$ cat run.pdb   # PDB, C-alpha atoms
ATOM      1  CA  MET X   1     -32.533 -65.065 -82.904
ATOM      2  CA  ALA X   2     -33.607 -61.428 -82.951
ATOM      3  CA  GLU X   3     -31.441 -59.079 -85.018
ATOM      4  CA  LYS X   4     -30.649 -57.006 -81.906
ATOM      5  CA  ASN X   5     -29.316 -60.093 -80.078
ATOM      6  CA  GLU X   6     -27.290 -61.162 -83.108
ATOM      7  CA  THR X   7     -25.819 -57.658 -83.435
ATOM      8  CA  GLY X   8     -24.785 -57.717 -79.775
ATOM      9  CA  LYS X   9     -23.178 -61.162 -80.023
ATOM     10  CA  ILE X  10     -21.171 -60.209 -83.099
ATOM     11  CA  GLY X  11     -20.123 -56.957 -81.425
ATOM     12  CA  GLU X  12     -18.906 -58.900 -78.385
ATOM     13  CA  ALA X  13     -16.921 -61.285 -80.595
ATOM     14  CA  VAL X  14     -15.229 -58.366 -82.368
ATOM     15  CA  ALA X  15     -14.513 -56.743 -78.981
ATOM     16  CA  CYS X  16     -12.851 -59.987 -77.812
ATOM     17  CA  SER X  17     -10.632 -60.014 -80.898
ATOM     18  CA  TYR X  18      -9.724 -56.372 -80.272
ATOM     19  CA  LEU X  19      -8.788 -57.130 -76.653
ATOM     20  CA  LYS X  20      -6.673 -60.151 -77.638
ATOM     21  CA  ILE X  21      -4.798 -58.092 -80.243
ATOM     22  CA  ASN X  22      -4.101 -55.524 -77.528
ATOM     23  CA  GLY X  23      -2.568 -58.084 -75.149
ATOM     24  CA  TYR X  24      -5.522 -59.053 -72.958
ATOM     25  CA  THR X  25      -6.212 -62.635 -71.959
ATOM     26  CA  ILE X  26      -9.907 -63.485 -72.173
ATOM     27  CA  LEU X  27     -11.072 -65.506 -69.171
ATOM     28  CA  HIS X  28     -14.810 -65.659 -69.937
ATOM     29  CA  THR X  29     -17.334 -64.284 -72.369
ATOM     30  CA  ASN X  30     -21.023 -64.001 -71.564
ATOM     31  CA  TRP X  31     -20.341 -65.343 -68.080
ATOM     32  CA  ARG X  32     -23.571 -66.132 -66.273
ATOM     33  CA  TYR X  33     -24.426 -67.176 -62.777
ATOM     34  CA  ARG X  34     -28.075 -67.149 -61.818
ATOM     35  CA  ARG X  35     -29.272 -63.610 -62.525
ATOM     36  CA  TYR X  36     -25.787 -62.216 -63.084
ATOM     37  CA  GLU X  37     -24.069 -61.671 -66.422
ATOM     38  CA  LEU X  38     -20.758 -60.207 -67.557
ATOM     39  CA  ASP X  39     -20.014 -59.603 -71.239
ATOM     40  CA  ILE X  40     -16.237 -60.106 -71.130
ATOM     41  CA  VAL X  41     -13.912 -60.900 -68.248
ATOM     42  CA  ALA X  42     -10.242 -60.532 -69.084
ATOM     43  CA  THR X  43      -6.889 -59.815 -67.526
ATOM     44  CA  ASN X  44      -4.079 -57.580 -68.673
ATOM     45  CA  GLY X  45      -1.584 -59.298 -66.398
ATOM     46  CA  GLU X  46      -2.005 -56.753 -63.609
ATOM     47  CA  GLU X  47      -5.770 -56.321 -63.272
ATOM     48  CA  LEU X  48      -9.011 -58.170 -63.736
ATOM     49  CA  VAL X  49     -10.782 -56.227 -66.470
ATOM     50  CA  VAL X  50     -14.564 -56.483 -66.687
ATOM     51  CA  VAL X  51     -15.781 -55.193 -70.042
ATOM     52  CA  GLU X  52     -19.302 -54.118 -70.904
ATOM     53  CA  VAL X  53     -19.784 -54.135 -74.676
ATOM     54  CA  LYS X  54     -22.321 -51.799 -76.247
ATOM     55  CA  THR X  55     -23.032 -52.186 -79.945
ATOM     56  CA  ARG X  56     -25.097 -49.691 -81.931
ATOM     57  CA  SER X  57     -25.894 -49.123 -85.565
ATOM     58  CA  GLU X  58     -24.318 -46.072 -87.146
ATOM     59  CA  SER X  59     -27.608 -44.182 -86.838
ATOM     60  CA  TYR X  60     -27.743 -44.348 -83.040
ATOM     61  CA  LEU X  61     -29.386 -41.504 -81.130
ATOM     62  CA  ILE X  62     -27.239 -41.688 -77.998
ATOM     63  CA  TYR X  63     -23.644 -42.740 -77.567
ATOM     64  CA  PRO X  64     -23.385 -46.447 -76.724
ATOM     65  CA  GLU X  65     -21.751 -45.801 -73.361
ATOM     66  CA  GLU X  66     -24.664 -43.588 -72.288
ATOM     67  CA  SER X  67     -26.804 -46.707 -71.919
ATOM     68  CA  VAL X  68     -24.592 -47.869 -69.040
ATOM     69  CA  ASN X  69     -26.600 -46.180 -66.304
ATOM     70  CA  ARG X  70     -26.491 -46.422 -62.505
ATOM     71  CA  ILE X  71     -28.684 -49.539 -62.420
ATOM     72  CA  LYS X  72     -26.560 -51.306 -65.064
ATOM     73  CA  ILE X  73     -23.404 -50.390 -63.156
ATOM     74  CA  LYS X  74     -24.816 -51.886 -59.942
ATOM     75  CA  HIS X  75     -25.624 -55.127 -61.796
ATOM     76  CA  ILE X  76     -22.137 -55.313 -63.317
ATOM     77  CA  VAL X  77     -20.473 -54.656 -59.947
ATOM     78  CA  SER X  78     -22.653 -57.265 -58.201
ATOM     79  CA  ALA X  79     -21.880 -59.822 -60.907
ATOM     80  CA  THR X  80     -18.183 -59.044 -60.613
ATOM     81  CA  ASP X  81     -18.339 -59.580 -56.861
ATOM     82  CA  VAL X  82     -19.856 -63.040 -57.422
ATOM     83  CA  TYR X  83     -17.256 -63.792 -60.119
ATOM     84  CA  ILE X  84     -14.327 -62.811 -57.861
ATOM     85  CA  ARG X  85     -15.632 -64.911 -54.984
ATOM     86  CA  ARG X  86     -16.400 -67.905 -57.187
ATOM     87  CA  TYR X  87     -12.940 -67.988 -58.785
ATOM     88  CA  ASN X  88     -11.026 -66.693 -55.729
ATOM     89  CA  ILE X  89      -9.418 -63.851 -57.667
ATOM     90  CA  GLU X  90      -7.021 -61.563 -55.868
ATOM     91  CA  LEU X  91      -6.376 -58.878 -58.483
ATOM     92  CA  PRO X  92      -7.477 -55.267 -58.564
ATOM     93  CA  VAL X  93     -10.569 -54.798 -60.747
ATOM     94  CA  ARG X  94     -11.106 -52.328 -63.552
ATOM     95  CA  PHE X  95     -14.406 -51.696 -65.338
ATOM     96  CA  ASP X  96     -14.221 -50.820 -69.048
ATOM     97  CA  ILE X  97     -16.754 -50.133 -71.769
ATOM     98  CA  ILE X  98     -16.132 -50.974 -75.410
ATOM     99  CA  CYS X  99     -18.351 -49.086 -77.840
ATOM    100  CA  MET X 100     -18.967 -50.925 -81.108
ATOM    101  CA  ILE X 101     -20.540 -49.434 -84.211
ATOM    102  CA  LYS X 102     -22.229 -51.550 -86.861
ATOM    103  CA  LYS X 103     -22.206 -50.069 -90.355
ATOM    104  CA  ASP X 104     -23.767 -52.284 -93.000
ATOM    105  CA  ASN X 105     -22.286 -55.689 -92.092
ATOM    106  CA  SER X 106     -19.072 -54.316 -90.618
ATOM    107  CA  TYR X 107     -18.358 -53.881 -86.903
ATOM    108  CA  THR X 108     -15.697 -51.534 -85.561
ATOM    109  CA  VAL X 109     -14.472 -50.515 -82.145
ATOM    110  CA  GLU X 110     -15.383 -46.847 -81.885
ATOM    111  CA  ARG X 111     -14.029 -46.371 -78.362
ATOM    112  CA  HIS X 112     -12.453 -48.370 -75.568
ATOM    113  CA  ILE X 113     -13.091 -46.515 -72.331
ATOM    114  CA  GLU X 114     -10.757 -47.797 -69.634
ATOM    115  CA  ASP X 115     -11.832 -47.181 -66.029
ATOM    116  CA  ALA X 116     -15.254 -46.199 -67.358
ATOM    117  CA  PHE X 117     -16.782 -46.347 -63.886
ATOM    118  CA  TYR X 118     -16.016 -47.348 -60.345
ATOM    119  CA  ALA X 119     -17.959 -49.549 -57.954
ATOM    120  CA  PRO X 120     -20.503 -47.314 -56.202
ATOM    121  CA  MET X 121     -20.277 -46.802 -52.477
ATOM    122  CA  ARG X 122     -22.936 -48.721 -50.597
TER     123      ARG X 122
END
$ encode --input "run.pdb" --output "structure tokens"
Amino acid sequence: MAEKNETGKIGEAVACSYLKINGYTILHTNWRYRRYELDIVATNGEELVVVEVKTRSESYLIYPEESVNRIKIKHIVSATDVYIRRYNIELPVRFDIICMIKKDNSYTVERHIEDAFYAPMR
């Protein structure tokens, strides 16, 4: 597996642990359906929380959350729509970003941005 993929998977695992410690229930990780993918789908008891995890080394040039652009947001929202329909979920949805930083072999949550973006108007 490429180092970049391994870094992302470890970052997602650390993000899951962070969410669990903070009272979230993890429903799915790396959920896939055809061309759709969601990093983490969780609930906080009141909302469905869809989390995009971005992991960077400490020498990154842009902030991790800056890589979540308009196109990425559209893909996440479309995947969430499929997820909600597939599992018949009737909760409000929130989109978060967790920014992970890898330093040496250690991964830390740099930021958890709640309500990082909203579903774009069609």
$ residues_around --input "run.pdb" --residues "Ile26 of chain X" --least-positions-apart "2" --cutoff "12 Å" --atoms "all atoms listed in the file" --output "list in words"
Glu12, Ala13, Ala15, Cys16, Ser17, Tyr18, Leu19, Lys20, Ile21, Asn22, Gly23, Tyr24, His28, Thr29, Asn30, Trp31, Asp39, Ile40, Val41, Ala42, Thr43, Asn44, Gly45, Leu48, Val49, Val50 and Val51 of chain X
$ atom_distance --input "run.pdb" --atom1 "atom CA of Glu46 of chain X" --atom2 "atom CA of Leu91 of chain X"
7.1 Å
$ closest_residue --input "run.pdb" --among "X:Glu47, X:Arg56, X:Arg85, X:Lys102" --to "Asp115 of chain X" --atoms "all atoms listed in the file"
X:Glu47
$ atom_distance --input "run.pdb" --atom1 "atom CA of Glu65 of chain X" --atom2 "atom CA of Ile98 of chain X"
7.9 Å
$ residues_around --input "run.pdb" --residues "Thr80 of chain X" --least-positions-apart "2" --cutoff "9 Å" --atoms "all atoms listed in the file" --output "ChimeraX atom specification"
/X:36-38,41,50,75-78,82-85,93
$ atom_distance --input "run.pdb" --atom1 "atom CA of Asp104 of chain X" --atom2 "atom CA of Glu52 of chain X"
22.6 Å
$ resolve_selection --input "run.pdb" --expression "the PyMOL selection byres ((chain X and resi 58) around 12)" --output "PyMOL selection string"
chain X and resi 55-57+59-64+99-110
$ closest_residue --input "run.pdb" --among "X:Val53, X:Ala79, X:Asp96, X:Glu90" --to "Val14 of chain X" --atoms "all atoms listed in the file"
X:Val53
$ axis_aligned_box --input "run.pdb" --around "segment 104-115 of chain X" --padding-each-side "6 Å" --output "JSON"
{"center_x": -17.3, "center_y": -51.0, "center_z": -79.5, "size_x": 25.0, "size_y": 21.3, "size_z": 39.0}
$ residues_near_point --input "run.pdb" --point "(-21.4, -48.7, -58.7)" --cutoff "9 Å" --atoms "all atoms listed in the file" --output "ChimeraX atom specification"
/X:70-78,117-122
$ decode --input "run.pdb" --residues "chain X" --atoms "C-alpha atoms" --output "PDB file, in the first residue's frame"
ATOM      1  CA  MET X   1       0.000   0.000   0.000  1.00  0.00           C
ATOM      2  CA  ALA X   2       1.303   3.461  -0.838  1.00  0.00           C
ATOM      3  CA  GLU X   3       2.540   5.532   2.104  1.00  0.00           C
ATOM      4  CA  LYS X   4      -0.069   8.224   1.359  1.00  0.00           C
ATOM      5  CA  ASN X   5      -2.906   5.665   1.587  1.00  0.00           C
ATOM      6  CA  GLU X   6      -1.488   4.197   4.790  1.00  0.00           C
ATOM      7  CA  THR X   7      -1.173   7.677   6.317  1.00  0.00           C
ATOM      8  CA  GLY X   8      -4.809   8.410   5.474  1.00  0.00           C
ATOM      9  CA  LYS X   9      -6.071   5.121   6.926  1.00  0.00           C
ATOM     10  CA  ILE X  10      -4.184   5.620  10.180  1.00  0.00           C
ATOM     11  CA  GLY X  11      -5.438   9.207  10.373  1.00  0.00           C
ATOM     12  CA  GLU X  12      -9.020   7.992   9.945  1.00  0.00           C
ATOM     13  CA  ALA X  13      -8.559   5.392  12.690  1.00  0.00           C
ATOM     14  CA  VAL X  14      -7.231   8.038  15.089  1.00  0.00           C
ATOM     15  CA  ALA X  15     -10.134  10.338  14.136  1.00  0.00           C
ATOM     16  CA  CYS X  16     -12.594   7.524  14.963  1.00  0.00           C
ATOM     17  CA  SER X  17     -11.003   7.079  18.386  1.00  0.00           C
ATOM     18  CA  TYR X  18     -11.210  10.835  18.966  1.00  0.00           C
ATOM     19  CA  LEU X  19     -14.910  10.868  18.041  1.00  0.00           C
ATOM     20  CA  LYS X  20     -15.692   7.892  20.301  1.00  0.00           C
ATOM     21  CA  ILE X  21     -13.917   9.553  23.239  1.00  0.00           C
ATOM     22  CA  ASN X  22     -16.038  12.644  22.611  1.00  0.00           C
ATOM     23  CA  GLY X  23     -19.332  10.723  22.762  1.00  0.00           C
ATOM     24  CA  TYR X  24     -20.017   9.962  19.099  1.00  0.00           C
ATOM     25  CA  THR X  25     -21.292   6.597  17.935  1.00  0.00           C
ATOM     26  CA  ILE X  26     -19.542   5.429  14.773  1.00  0.00           C
ATOM     27  CA  LEU X  27     -21.985   3.939  12.269  1.00  0.00           C
ATOM     28  CA  HIS X  28     -19.597   3.342   9.350  1.00  0.00           C
ATOM     29  CA  THR X  29     -16.036   4.015   8.327  1.00  0.00           C
ATOM     30  CA  ASN X  30     -14.926   4.153   4.710  1.00  0.00           C
ATOM     31  CA  TRP X  31     -18.512   3.568   3.613  1.00  0.00           C
ATOM     32  CA  ARG X  32     -18.701   2.887  -0.104  1.00  0.00           C
ATOM     33  CA  TYR X  33     -21.510   2.473  -2.550  1.00  0.00           C
ATOM     34  CA  ARG X  34     -20.604   2.393  -6.213  1.00  0.00           C
ATOM     35  CA  ARG X  35     -18.698   5.622  -6.845  1.00  0.00           C
ATOM     36  CA  TYR X  36     -19.574   7.155  -3.487  1.00  0.00           C
ATOM     37  CA  GLU X  37     -17.411   7.180  -0.370  1.00  0.00           C
ATOM     38  CA  LEU X  38     -17.695   8.658   3.113  1.00  0.00           C
ATOM     39  CA  ASP X  39     -14.766   8.597   5.540  1.00  0.00           C
ATOM     40  CA  ILE X  40     -16.747   8.429   8.793  1.00  0.00           C
ATOM     41  CA  VAL X  41     -20.478   8.395   9.438  1.00  0.00           C
ATOM     42  CA  ALA X  42     -21.416   8.887  13.069  1.00  0.00           C
ATOM     43  CA  THR X  43     -24.185  10.157  15.284  1.00  0.00           C
ATOM     44  CA  ASN X  44     -24.063  12.345  18.351  1.00  0.00           C
ATOM     45  CA  GLY X  45     -27.547  11.305  19.415  1.00  0.00           C
ATOM     46  CA  GLU X  46     -29.209  14.300  17.770  1.00  0.00           C
ATOM     47  CA  GLU X  47     -27.631  14.486  14.312  1.00  0.00           C
ATOM     48  CA  LEU X  48     -26.089  12.328  11.647  1.00  0.00           C
ATOM     49  CA  VAL X  49     -22.507  13.559  11.443  1.00  0.00           C
ATOM     50  CA  VAL X  50     -20.590  12.964   8.219  1.00  0.00           C
ATOM     51  CA  VAL X  51     -16.872  13.479   8.784  1.00  0.00           C
ATOM     52  CA  GLU X  52     -14.249  14.082   6.128  1.00  0.00           C
ATOM     53  CA  VAL X  53     -10.793  13.298   7.509  1.00  0.00           C
ATOM     54  CA  LYS X  54      -7.764  15.076   6.084  1.00  0.00           C
ATOM     55  CA  THR X  55      -4.341  13.926   7.219  1.00  0.00           C
ATOM     56  CA  ARG X  56      -1.146  15.816   6.412  1.00  0.00           C
ATOM     57  CA  SER X  57       2.462  15.607   7.462  1.00  0.00           C
ATOM     58  CA  GLU X  58       3.707  18.411   9.670  1.00  0.00           C
ATOM     59  CA  SER X  59       5.389  20.054   6.677  1.00  0.00           C
ATOM     60  CA  TYR X  60       2.163  20.615   4.739  1.00  0.00           C
ATOM     61  CA  LEU X  61       1.893  23.634   2.448  1.00  0.00           C
ATOM     62  CA  ILE X  62      -1.842  24.231   2.832  1.00  0.00           C
ATOM     63  CA  TYR X  63      -4.126  23.574   5.758  1.00  0.00           C
ATOM     64  CA  PRO X  64      -5.741  20.132   5.499  1.00  0.00           C
ATOM     65  CA  GLU X  65      -9.259  21.545   5.341  1.00  0.00           C
ATOM     66  CA  GLU X  66      -8.344  23.683   2.321  1.00  0.00           C
ATOM     67  CA  SER X  67      -8.299  20.533   0.194  1.00  0.00           C
ATOM     68  CA  VAL X  68     -12.051  20.129   0.734  1.00  0.00           C
ATOM     69  CA  ASN X  69     -13.097  22.150  -2.299  1.00  0.00           C
ATOM     70  CA  ARG X  70     -16.453  22.655  -4.024  1.00  0.00           C
ATOM     71  CA  ILE X  71     -16.140  19.448  -6.061  1.00  0.00           C
ATOM     72  CA  LYS X  72     -15.244  17.379  -2.972  1.00  0.00           C
ATOM     73  CA  ILE X  73     -18.178  18.897  -1.092  1.00  0.00           C
ATOM     74  CA  LYS X  74     -20.576  17.942  -3.902  1.00  0.00           C
ATOM     75  CA  HIS X  75     -19.280  14.350  -3.799  1.00  0.00           C
ATOM     76  CA  ILE X  76     -19.661  14.153  -0.014  1.00  0.00           C
ATOM     77  CA  VAL X  77     -23.197  15.579  -0.149  1.00  0.00           C
ATOM     78  CA  SER X  78     -24.206  13.191  -2.957  1.00  0.00           C
ATOM     79  CA  ALA X  79     -22.785  10.229  -1.042  1.00  0.00           C
ATOM     80  CA  THR X  80     -24.618  11.343   2.081  1.00  0.00           C
ATOM     81  CA  ASP X  81     -27.871  11.531   0.138  1.00  0.00           C
ATOM     82  CA  VAL X  82     -27.395   7.918  -1.004  1.00  0.00           C
ATOM     83  CA  TYR X  83     -26.467   6.869   2.551  1.00  0.00           C
ATOM     84  CA  ILE X  84     -29.580   8.499   4.065  1.00  0.00           C
ATOM     85  CA  ARG X  85     -31.866   6.898   1.498  1.00  0.00           C
ATOM     86  CA  ARG X  86     -30.238   3.482   1.808  1.00  0.00           C
ATOM     87  CA  TYR X  87     -30.518   3.370   5.609  1.00  0.00           C
ATOM     88  CA  ASN X  88     -33.771   5.380   5.858  1.00  0.00           C
ATOM     89  CA  ILE X  89     -32.278   7.913   8.260  1.00  0.00           C
ATOM     90  CA  GLU X  90     -34.475  10.690   9.556  1.00  0.00           C
ATOM     91  CA  LEU X  91     -31.980  12.862  11.433  1.00  0.00           C
ATOM     92  CA  PRO X  92     -30.641  16.289  10.587  1.00  0.00           C
ATOM     93  CA  VAL X  93     -27.214  16.078   8.926  1.00  0.00           C
ATOM     94  CA  ARG X  94     -24.043  17.909   9.851  1.00  0.00           C
ATOM     95  CA  PHE X  95     -20.824  17.918   7.822  1.00  0.00           C
ATOM     96  CA  ASP X  96     -17.551  18.072   9.778  1.00  0.00           C
ATOM     97  CA  ILE X  97     -13.881  18.016   8.870  1.00  0.00           C
ATOM     98  CA  ILE X  98     -11.230  16.539  11.137  1.00  0.00           C
ATOM     99  CA  CYS X  99      -7.708  17.738  10.394  1.00  0.00           C
ATOM    100  CA  MET X 100      -5.001  15.260  11.373  1.00  0.00           C
ATOM    101  CA  ILE X 101      -1.290  15.992  11.509  1.00  0.00           C
ATOM    102  CA  LYS X 102       1.338  13.276  11.245  1.00  0.00           C
ATOM    103  CA  LYS X 103       4.629  14.050  12.968  1.00  0.00           C
ATOM    104  CA  ASP X 104       7.172  11.249  12.813  1.00  0.00           C
ATOM    105  CA  ASN X 105       4.986   8.213  13.601  1.00  0.00           C
ATOM    106  CA  SER X 106       2.493  10.098  15.750  1.00  0.00           C
ATOM    107  CA  TYR X 107      -0.936  11.298  14.611  1.00  0.00           C
ATOM    108  CA  THR X 108      -2.854  14.065  16.359  1.00  0.00           C
ATOM    109  CA  VAL X 109      -6.147  15.820  15.825  1.00  0.00           C
ATOM    110  CA  GLU X 110      -5.178  19.384  14.983  1.00  0.00           C
ATOM    111  CA  ARG X 111      -8.736  20.639  14.499  1.00  0.00           C
ATOM    112  CA  HIS X 112     -12.289  19.350  14.502  1.00  0.00           C
ATOM    113  CA  ILE X 113     -14.376  21.739  12.437  1.00  0.00           C
ATOM    114  CA  GLU X 114     -18.055  21.193  13.168  1.00  0.00           C
ATOM    115  CA  ASP X 115     -20.509  22.406  10.514  1.00  0.00           C
ATOM    116  CA  ALA X 116     -17.551  22.835   8.167  1.00  0.00           C
ATOM    117  CA  PHE X 117     -19.835  23.239   5.163  1.00  0.00           C
ATOM    118  CA  TYR X 118     -23.440  23.006   4.120  1.00  0.00           C
ATOM    119  CA  ALA X 119     -25.029  21.159   1.221  1.00  0.00           C
ATOM    120  CA  PRO X 120     -24.865  23.480  -1.799  1.00  0.00           C
ATOM    121  CA  MET X 121     -28.057  24.719  -3.370  1.00  0.00           C
ATOM    122  CA  ARG X 122     -28.812  22.993  -6.647  1.00  0.00           C
TER     123      ARG X 122
END
